[in-house]
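Participant: Sharing a structure here in structure tokens format.
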Amino acid sequence: MLVFNKVEGRFKEIADKYIKKREVARVSLPIEYKGKLFHEIQFNKVFLGSVRQTVNGYLYVTEDGQKVEDEKDIEELAYLAYQFEVLFDDVFSGGIPKAVMDEKQLKREEKDFEKMCVALDALKAEGLAKTDRLMEAFSKLTPLKEKIIRH
């Protein structure tokens, strides 16, 4: 699930007050807190036309687009928004959905690791140090992921 989307409508108006050059604003899906709905607006850097994972700033707003001012509420909303992103966002690199893969993806990754090991063998033959450590890591990673998928 995509947790953050392009800022539009009532959220665009408030985001435009805080956005800087070379940034893009993204708004979260609703987050329920104290019986009300809130949204997190993230300001991300844009470099050469692509949005970076680095977040330059956050803004918390009510469902009707009003800025949240209370520090305690902001802290709680930040925590809830982070948990929401980690648990459900397919795009967030540190999220659980990104870490979970199916058998087909695992097989593809295993083939990629085999190719990397061939390349590491060649580099080792040329005298590059510590290639054994990488090969050992690759050999342990796939069985660990298989174990996670099957349980």
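Note on naming: chains are A, B, ... as they come in the structure tokens, residues start from 1 per chain, ligands start from 1 in the order shown.
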I want to know what sits within 12 Å of range 29-37 of chain A, based on only C-alpha atoms, with residues of the same chain fewer than 2 positions away left out; could you give that as a PyMOL selection string?

Facilitator: chain A and resi 1-7+11+26-27+39-42+60-66+68+72-85+88-89

Participant: Go ahead and dump the residues you just picked, N, CA and C atoms, as an mmCIF file, in the first residue's frame.

Facilitator:
data_model
loop_
_atom_site.group_PDB
_atom_site.id
_atom_site.type_symbol
_atom_site.label_atom_id
_atom_site.label_comp_id
_atom_site.auth_asym_id
_atom_site.auth_seq_id
_atom_site.Cartn_x
_atom_site.Cartn_y
_atom_site.Cartn_z
ATOM 1 N N MET A 1 0.843 -1.161 0.000
ATOM 2 C CA MET A 1 0.000 0.000 0.000
ATOM 3 C C MET A 1 0.897 1.234 0.000
ATOM 4 N N LEU A 2 0.501 2.206 -0.748
ATOM 5 C CA LEU A 2 1.229 3.466 -0.813
ATOM 6 C C LEU A 2 0.679 4.376 0.288
ATOM 7 N N VAL A 3 1.499 4.701 1.279
ATOM 8 C CA VAL A 3 1.059 5.494 2.417
ATOM 9 C C VAL A 3 1.073 6.982 2.096
ATOM 10 N N PHE A 4 2.005 7.424 1.248
ATOM 11 C CA PHE A 4 2.110 8.843 0.908
ATOM 12 C C PHE A 4 1.744 9.079 -0.553
ATOM 13 N N ASN A 5 1.013 10.164 -0.781
ATOM 14 C CA ASN A 5 0.591 10.544 -2.119
ATOM 15 C C ASN A 5 0.930 12.009 -2.354
ATOM 16 N N LYS A 6 0.786 12.427 -3.593
ATOM 17 C CA LYS A 6 1.005 13.818 -3.962
ATOM 18 C C LYS A 6 0.024 14.710 -3.189
ATOM 19 N N VAL A 7 0.524 15.847 -2.727
ATOM 20 C CA VAL A 7 -0.316 16.787 -1.984
ATOM 21 C C VAL A 7 -1.266 17.484 -2.954
ATOM 22 N N PHE A 11 -4.784 20.201 1.402
ATOM 23 C CA PHE A 11 -3.440 20.017 1.954
ATOM 24 C C PHE A 11 -2.391 20.793 1.157
ATOM 25 N N ARG A 26 4.493 15.484 0.098
ATOM 26 C CA ARG A 26 3.659 14.291 -0.012
ATOM 27 C C ARG A 26 2.820 14.194 1.263
ATOM 28 N N VAL A 27 1.576 13.796 1.124
ATOM 29 C CA VAL A 27 0.664 13.712 2.262
ATOM 30 C C VAL A 27 0.322 12.246 2.534
ATOM 31 N N HIS A 39 -3.132 14.026 9.169
ATOM 32 C CA HIS A 39 -2.244 13.638 8.073
ATOM 33 C C HIS A 39 -0.847 14.172 8.346
ATOM 34 N N GLU A 40 0.141 13.422 7.906
ATOM 35 C CA GLU A 40 1.523 13.898 7.956
ATOM 36 C C GLU A 40 1.884 14.376 6.552
ATOM 37 N N ILE A 41 2.440 15.564 6.464
ATOM 38 C CA ILE A 41 2.962 16.057 5.195
ATOM 39 C C ILE A 41 4.471 16.011 5.291
ATOM 40 N N GLN A 42 5.096 15.305 4.354
ATOM 41 C CA GLN A 42 6.559 15.202 4.308
ATOM 42 C C GLN A 42 7.065 16.072 3.175
ATOM 43 N N TYR A 60 2.194 18.367 10.456
ATOM 44 C CA TYR A 60 1.027 17.566 10.816
ATOM 45 C C TYR A 60 -0.210 18.456 10.732
ATOM 46 N N VAL A 61 -1.221 17.936 10.054
ATOM 47 C CA VAL A 61 -2.428 18.716 9.822
ATOM 48 C C VAL A 61 -3.670 17.889 10.147
ATOM 49 N N THR A 62 -4.743 18.618 10.449
ATOM 50 C CA THR A 62 -6.026 17.970 10.697
ATOM 51 C C THR A 62 -6.648 17.578 9.360
ATOM 52 N N GLU A 63 -7.729 16.860 9.433
ATOM 53 C CA GLU A 63 -8.422 16.418 8.213
ATOM 54 C C GLU A 63 -8.874 17.601 7.360
ATOM 55 N N ASP A 64 -9.160 18.722 8.010
ATOM 56 C CA ASP A 64 -9.593 19.895 7.239
ATOM 57 C C ASP A 64 -8.435 20.819 6.846
ATOM 58 N N GLY A 65 -7.189 20.357 7.059
ATOM 59 C CA GLY A 65 -6.027 21.103 6.575
ATOM 60 C C GLY A 65 -5.457 22.136 7.524
ATOM 61 N N GLN A 66 -5.804 22.080 8.806
ATOM 62 C CA GLN A 66 -5.278 23.028 9.795
ATOM 63 C C GLN A 66 -4.010 22.463 10.434
ATOM 64 N N VAL A 68 -1.273 21.392 13.059
ATOM 65 C CA VAL A 68 -1.271 20.975 14.463
ATOM 66 C C VAL A 68 -0.145 21.738 15.158
ATOM 67 N N LYS A 72 2.947 17.949 22.150
ATOM 68 C CA LYS A 72 2.638 16.569 22.569
ATOM 69 C C LYS A 72 1.895 15.834 21.450
ATOM 70 N N ASP A 73 0.943 16.495 20.829
ATOM 71 C CA ASP A 73 0.211 15.889 19.719
ATOM 72 C C ASP A 73 1.138 15.624 18.537
ATOM 73 N N ILE A 74 2.054 16.554 18.267
ATOM 74 C CA ILE A 74 3.006 16.381 17.159
ATOM 75 C C ILE A 74 3.895 15.166 17.407
ATOM 76 N N GLU A 75 4.385 15.023 18.646
ATOM 77 C CA GLU A 75 5.218 13.858 18.990
ATOM 78 C C GLU A 75 4.456 12.557 18.774
ATOM 79 N N GLU A 76 3.231 12.517 19.239
ATOM 80 C CA GLU A 76 2.423 11.297 19.112
ATOM 81 C C GLU A 76 2.093 11.006 17.645
ATOM 82 N N LEU A 77 1.754 12.036 16.898
ATOM 83 C CA LEU A 77 1.455 11.855 15.476
ATOM 84 C C LEU A 77 2.693 11.408 14.701
ATOM 85 N N ALA A 78 3.858 11.933 15.067
ATOM 86 C CA ALA A 78 5.108 11.518 14.411
ATOM 87 C C ALA A 78 5.347 10.030 14.645
ATOM 88 N N TYR A 79 5.135 9.585 15.876
ATOM 89 C CA TYR A 79 5.306 8.173 16.204
ATOM 90 C C TYR A 79 4.313 7.303 15.428
ATOM 91 N N LEU A 80 3.050 7.703 15.418
ATOM 92 C CA LEU A 80 2.028 6.938 14.708
ATOM 93 C C LEU A 80 2.288 6.903 13.198
ATOM 94 N N ALA A 81 2.696 8.038 12.641
ATOM 95 C CA ALA A 81 2.978 8.108 11.201
ATOM 96 C C ALA A 81 4.154 7.205 10.839
ATOM 97 N N TYR A 82 5.185 7.199 11.693
ATOM 98 C CA TYR A 82 6.342 6.328 11.435
ATOM 99 C C TYR A 82 5.920 4.859 11.465
ATOM 100 N N GLN A 83 5.154 4.467 12.476
ATOM 101 C CA GLN A 83 4.689 3.083 12.574
ATOM 102 C C GLN A 83 3.835 2.708 11.356
ATOM 103 N N PHE A 84 2.983 3.616 10.935
ATOM 104 C CA PHE A 84 2.125 3.406 9.772
ATOM 105 C C PHE A 84 2.980 3.148 8.537
ATOM 106 N N GLU A 85 4.002 3.970 8.340
ATOM 107 C CA GLU A 85 4.876 3.841 7.172
ATOM 108 C C GLU A 85 5.661 2.533 7.217
ATOM 109 N N PHE A 88 3.131 -0.541 6.645
ATOM 110 C CA PHE A 88 2.275 -0.679 5.473
ATOM 111 C C PHE A 88 2.819 -0.143 4.155
ATOM 112 N N ASP A 89 3.826 0.713 4.176
ATOM 113 C CA ASP A 89 4.275 1.349 2.931
ATOM 114 C C ASP A 89 5.174 0.416 2.115
#

Participant: Chain A: which residues are strand (DSSP E or B) by DSSP, as a ChimeraX atom specification?

Facilitator: /A:4-6,23-28,31-33,36-47,50-62,67

Participant: I need the residues of chain A that end up classed as alpha helix (DSSP H) by DSSP on the backbone, written out as a PyMOL selection string.

Facilitator: chain A and resi 10-18+71-88+96-99+103-125+131-150

Participant: Would you mind reading off the distance between CA of Ile14 in chain A and CA of Thr54 in chain A, one decimal, in Å?

Facilitator: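 These two atoms are separated by 20.8 Å.
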
Participant: Pick out the closest residue to Glu136 in chain A from this set: A:Leu87, A:Met116, A:Arg10, A:Asn44. Count only C-alpha atoms.

Facilitator: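 Smallest distance to Glu136 in chain A is found for A:Met116.
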
Participant: Which value, in Å to one decimal, gives the distance between CA of Phe113 in chain A and CA of Leu134 in chain A?

Facilitator: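 Between CA of Phe113 in chain A and CA of Leu134 in chain A the gap works out to 10.2 Å.
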
Participant: What is the distance between CA of Ala119 in chain A and CA of Lys147 in chain A, in Å to one decimal?

Facilitator: 26.3 Å

Participant: My list of candidates is A:Phe38, A:Phe138, A:Phe43, A:Tyr58. Which is closest to Glu23 in chain A when distances are computed with only C-alpha atoms?

Facilitator: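 Going through A:Phe38, A:Phe138, A:Phe43, A:Tyr58 one by one, the smallest distance to Glu23 in chain A is for A:Phe43.
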
Participant: Check the smallest atom-to-atom distance from each of A:Lys115, A:Glu8, A:Val46, A:Ala125 to Lys20 in chain A using only C-alpha atoms, then report the winner.

Facilitator: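 Comparing A:Lys115, A:Glu8, A:Val46, A:Ala125 against Lys20 in chain A, the winner is A:Val46.
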